[in-house]
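The data block below is structure-v1.txt; it holds compact mmCIF, N, CA and C atoms.
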# COMPACT_ATOMS: atom_id res chain seq x y z
N MET A 91 -44.84 -18.29 -25.18
CA MET A 91 -43.41 -18.28 -24.99
C MET A 91 -42.75 -17.31 -25.97
N ALA A 92 -43.16 -17.36 -27.20
CA ALA A 92 -42.57 -16.49 -28.22
C ALA A 92 -42.93 -15.03 -27.95
N LYS A 93 -44.09 -14.81 -27.37
CA LYS A 93 -44.51 -13.44 -27.09
C LYS A 93 -43.63 -12.82 -26.00
N LYS A 94 -43.25 -13.60 -24.98
CA LYS A 94 -42.39 -13.08 -23.92
C LYS A 94 -41.02 -12.70 -24.48
N LYS A 95 -40.51 -13.49 -25.40
CA LYS A 95 -39.21 -13.20 -25.98
C LYS A 95 -39.27 -11.91 -26.80
N GLN A 96 -40.37 -11.69 -27.49
CA GLN A 96 -40.53 -10.47 -28.26
C GLN A 96 -40.66 -9.26 -27.34
N ASP A 97 -41.28 -9.43 -26.18
CA ASP A 97 -41.43 -8.33 -25.24
C ASP A 97 -40.07 -7.92 -24.68
N LYS A 98 -39.22 -8.89 -24.43
CA LYS A 98 -37.89 -8.58 -23.91
C LYS A 98 -37.07 -7.80 -24.93
N GLU A 99 -37.18 -8.17 -26.18
CA GLU A 99 -36.41 -7.51 -27.22
C GLU A 99 -36.97 -6.14 -27.58
N ALA A 100 -38.22 -5.88 -27.28
CA ALA A 100 -38.87 -4.65 -27.71
C ALA A 100 -38.79 -3.55 -26.64
N LYS A 101 -37.78 -3.57 -25.76
CA LYS A 101 -37.66 -2.50 -24.76
C LYS A 101 -37.18 -1.23 -25.43
N SER A 102 -37.68 -0.14 -24.93
CA SER A 102 -37.31 1.15 -25.53
C SER A 102 -35.91 1.57 -25.07
N PRO A 103 -35.28 2.42 -25.81
CA PRO A 103 -33.93 2.88 -25.44
C PRO A 103 -33.92 3.63 -24.10
N GLU A 104 -35.02 4.27 -23.77
CA GLU A 104 -35.11 4.97 -22.48
C GLU A 104 -35.05 3.99 -21.32
N GLU A 105 -35.75 2.86 -21.46
CA GLU A 105 -35.73 1.85 -20.40
C GLU A 105 -34.34 1.23 -20.27
N LEU A 106 -33.67 0.99 -21.40
CA LEU A 106 -32.32 0.43 -21.38
C LEU A 106 -31.34 1.41 -20.73
N ALA A 107 -31.49 2.69 -21.05
CA ALA A 107 -30.61 3.70 -20.47
C ALA A 107 -30.82 3.80 -18.97
N LYS A 108 -32.08 3.72 -18.55
CA LYS A 108 -32.39 3.79 -17.12
C LYS A 108 -31.82 2.57 -16.40
N ARG A 109 -31.96 1.39 -17.00
CA ARG A 109 -31.42 0.17 -16.40
C ARG A 109 -29.89 0.22 -16.31
N ASN A 110 -29.25 0.69 -17.37
CA ASN A 110 -27.79 0.80 -17.36
C ASN A 110 -27.31 1.81 -16.31
N LYS A 111 -28.06 2.88 -16.15
CA LYS A 111 -27.71 3.88 -15.16
C LYS A 111 -27.82 3.31 -13.74
N ILE A 112 -28.88 2.53 -13.51
CA ILE A 112 -29.06 1.91 -12.19
C ILE A 112 -27.95 0.90 -11.92
N ILE A 113 -27.58 0.12 -12.93
CA ILE A 113 -26.49 -0.85 -12.76
C ILE A 113 -25.17 -0.13 -12.46
N PHE A 114 -24.92 0.96 -13.15
CA PHE A 114 -23.69 1.73 -12.92
C PHE A 114 -23.66 2.32 -11.50
N ILE A 115 -24.76 2.90 -11.07
CA ILE A 115 -24.82 3.50 -9.73
C ILE A 115 -24.66 2.43 -8.66
N ALA A 116 -25.28 1.27 -8.85
CA ALA A 116 -25.15 0.17 -7.89
C ALA A 116 -23.70 -0.34 -7.83
N SER A 117 -23.05 -0.42 -8.98
CA SER A 117 -21.66 -0.88 -9.01
C SER A 117 -20.74 0.10 -8.29
N VAL A 118 -20.91 1.39 -8.56
CA VAL A 118 -20.08 2.41 -7.92
C VAL A 118 -20.33 2.42 -6.41
N ALA A 119 -21.59 2.31 -6.01
CA ALA A 119 -21.91 2.29 -4.59
C ALA A 119 -21.30 1.07 -3.91
N GLY A 120 -21.32 -0.08 -4.56
CA GLY A 120 -20.71 -1.28 -4.00
C GLY A 120 -19.22 -1.13 -3.83
N ILE A 121 -18.57 -0.55 -4.82
CA ILE A 121 -17.12 -0.33 -4.72
C ILE A 121 -16.80 0.65 -3.60
N LEU A 122 -17.58 1.70 -3.47
CA LEU A 122 -17.36 2.68 -2.40
C LEU A 122 -17.57 2.06 -1.02
N VAL A 123 -18.58 1.22 -0.88
CA VAL A 123 -18.82 0.56 0.40
C VAL A 123 -17.66 -0.38 0.73
N PHE A 124 -17.21 -1.14 -0.26
CA PHE A 124 -16.07 -2.03 -0.04
C PHE A 124 -14.83 -1.24 0.38
N ALA A 125 -14.56 -0.12 -0.30
CA ALA A 125 -13.39 0.70 0.03
C ALA A 125 -13.52 1.29 1.43
N ALA A 126 -14.72 1.72 1.81
CA ALA A 126 -14.91 2.30 3.14
C ALA A 126 -14.70 1.25 4.22
N VAL A 127 -15.21 0.05 4.03
CA VAL A 127 -15.01 -1.01 5.02
C VAL A 127 -13.54 -1.37 5.11
N TYR A 128 -12.86 -1.44 3.99
CA TYR A 128 -11.43 -1.76 3.99
C TYR A 128 -10.64 -0.67 4.72
N MET A 129 -10.95 0.58 4.47
CA MET A 129 -10.22 1.68 5.11
C MET A 129 -10.49 1.74 6.61
N MET A 130 -11.69 1.38 7.03
CA MET A 130 -12.02 1.41 8.46
C MET A 130 -11.30 0.30 9.22
N ASN A 131 -11.00 -0.81 8.57
CA ASN A 131 -10.38 -1.95 9.23
C ASN A 131 -8.88 -2.06 8.99
N TYR A 132 -8.29 -1.15 8.22
CA TYR A 132 -6.88 -1.24 7.86
C TYR A 132 -6.02 -0.64 8.97
N GLU A 133 -5.00 -1.39 9.38
CA GLU A 133 -4.04 -0.89 10.36
C GLU A 133 -2.64 -1.03 9.76
N PRO A 134 -2.02 0.09 9.41
CA PRO A 134 -0.70 0.01 8.79
C PRO A 134 0.35 -0.45 9.80
N PRO A 135 1.40 -1.10 9.33
CA PRO A 135 2.46 -1.52 10.26
C PRO A 135 3.18 -0.29 10.82
N SER A 136 3.56 -0.38 12.07
CA SER A 136 4.18 0.76 12.73
C SER A 136 5.68 0.76 12.46
N LEU A 137 6.08 1.39 11.38
CA LEU A 137 7.48 1.45 11.01
C LEU A 137 8.25 2.42 11.91
N ALA A 138 7.64 3.51 12.27
CA ALA A 138 8.32 4.51 13.09
C ALA A 138 8.63 3.94 14.48
N GLU A 139 7.69 3.21 15.04
CA GLU A 139 7.90 2.64 16.37
C GLU A 139 9.07 1.66 16.36
N ASP A 140 9.13 0.81 15.34
CA ASP A 140 10.25 -0.13 15.23
C ASP A 140 11.57 0.60 15.03
N PHE A 141 11.56 1.67 14.26
CA PHE A 141 12.78 2.43 14.02
C PHE A 141 13.32 3.01 15.31
N TYR A 142 12.47 3.66 16.09
CA TYR A 142 12.94 4.29 17.32
C TYR A 142 13.30 3.25 18.39
N LYS A 143 12.67 2.11 18.34
CA LYS A 143 12.98 1.06 19.31
C LYS A 143 14.35 0.44 19.04
N ASN A 144 14.70 0.28 17.76
CA ASN A 144 15.93 -0.41 17.39
C ASN A 144 17.11 0.51 17.11
N ARG A 145 16.94 1.81 17.20
CA ARG A 145 18.05 2.70 16.87
C ARG A 145 19.11 2.68 17.95
N LYS A 146 20.31 3.02 17.56
CA LYS A 146 21.42 3.02 18.49
C LYS A 146 21.57 4.40 19.11
N SER A 147 22.30 4.45 20.23
CA SER A 147 22.51 5.74 20.89
C SER A 147 23.60 6.52 20.15
N VAL A 148 23.74 7.78 20.51
CA VAL A 148 24.73 8.64 19.87
C VAL A 148 26.13 8.16 20.20
N ASP A 149 26.36 7.69 21.42
CA ASP A 149 27.69 7.21 21.81
C ASP A 149 28.13 6.03 20.96
N SER A 150 27.23 5.09 20.73
CA SER A 150 27.61 3.94 19.92
C SER A 150 27.88 4.35 18.47
N TYR A 151 27.19 5.37 17.98
CA TYR A 151 27.46 5.85 16.63
C TYR A 151 28.85 6.46 16.56
N ASN A 152 29.23 7.27 17.57
CA ASN A 152 30.56 7.88 17.56
C ASN A 152 31.64 6.82 17.66
N GLU A 153 31.43 5.79 18.46
CA GLU A 153 32.40 4.70 18.55
C GLU A 153 32.54 3.99 17.20
N TYR A 154 31.43 3.75 16.56
CA TYR A 154 31.44 3.09 15.25
C TYR A 154 32.15 3.95 14.22
N LYS A 155 31.86 5.24 14.24
CA LYS A 155 32.46 6.16 13.28
C LYS A 155 33.97 6.25 13.49
N ASN A 156 34.39 6.32 14.73
CA ASN A 156 35.82 6.44 15.02
C ASN A 156 36.56 5.14 14.77
N SER A 157 35.93 4.02 14.94
CA SER A 157 36.61 2.74 14.78
C SER A 157 36.86 2.40 13.32
N ASP A 158 36.03 2.86 12.43
CA ASP A 158 36.16 2.48 11.03
C ASP A 158 36.60 3.62 10.13
N ASP A 159 37.26 4.64 10.67
CA ASP A 159 37.70 5.71 9.79
C ASP A 159 38.93 5.26 9.01
N ALA A 160 39.24 5.96 7.96
CA ALA A 160 40.29 5.53 7.03
C ALA A 160 41.66 5.52 7.69
N LYS A 161 41.93 6.46 8.58
CA LYS A 161 43.25 6.54 9.20
C LYS A 161 43.52 5.31 10.06
N SER A 162 42.58 4.91 10.86
CA SER A 162 42.80 3.75 11.72
C SER A 162 42.88 2.46 10.89
N LYS A 163 42.14 2.38 9.80
CA LYS A 163 42.24 1.21 8.93
C LYS A 163 43.61 1.13 8.30
N ALA A 164 44.14 2.27 7.84
CA ALA A 164 45.46 2.28 7.22
C ALA A 164 46.54 1.89 8.24
N GLU A 165 46.44 2.39 9.47
CA GLU A 165 47.42 2.04 10.50
C GLU A 165 47.37 0.54 10.80
N ARG A 166 46.19 -0.02 10.88
CA ARG A 166 46.07 -1.46 11.14
C ARG A 166 46.68 -2.27 10.01
N ASN A 167 46.42 -1.84 8.77
CA ASN A 167 46.93 -2.57 7.62
C ASN A 167 48.46 -2.50 7.55
N VAL A 168 49.06 -1.36 7.94
CA VAL A 168 50.51 -1.25 7.93
C VAL A 168 51.12 -2.21 8.92
N PHE A 169 50.53 -2.32 10.09
CA PHE A 169 51.08 -3.21 11.11
C PHE A 169 50.85 -4.68 10.75
N LEU A 170 49.76 -4.97 10.05
CA LEU A 170 49.49 -6.36 9.69
C LEU A 170 50.34 -6.86 8.53
N GLN A 171 50.91 -5.96 7.77
CA GLN A 171 51.72 -6.37 6.60
C GLN A 171 53.04 -6.98 7.01
N ASP A 172 53.58 -6.62 8.15
CA ASP A 172 54.90 -7.11 8.56
C ASP A 172 54.90 -8.55 8.89

Structure re-expressed in structure tokens:
Amino acid sequence: MAKKKQDKEAKSPEELAKRNKIIFIASVAGILVFAAVYMMNYEPPSLAEDFYKNRKSVDSYNEYKNSDDAKSKAERNVFLQD
């Protein structure tokens, strides 16, 4: 039992460097595989489709713009003050 423990501690620096390099490469490869699987299955929400579906027409914009301009607001306020 004591001999096995001494064998584990007596590894050369070359073996440790090789083992650390293998662990690093395996970790990087695992992260890359995870990222690739995530990117292949990711579907972003369609913001542009919702925007074009819910936008108003040009006519409704002109009506909105003309209804809330400063001149018409001032005229309404003058008549409401009496």

Box for range 107-123 of chain A: with edges along x, y and z, all listed atoms inside and 5 Å added on each side, what are the centre and edge lengths in Å to one decimal, as JSON?
{"center_x": -24.6, "center_y": 1.3, "center_z": -10.2, "size_x": 25.6, "size_y": 15.2, "size_z": 31.8}

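The space separating CA of Ile113 in chain A from CA of Lys101 in chain A comes to 16.5 Å.
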
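Going from CA of Val127 in chain A to CA of Lys111 in chain A covers 24.3 Å.
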
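The interatomic distance for the pair CA of Pro135 in chain A and CA of Ile121 in chain A works out to 24.7 Å.
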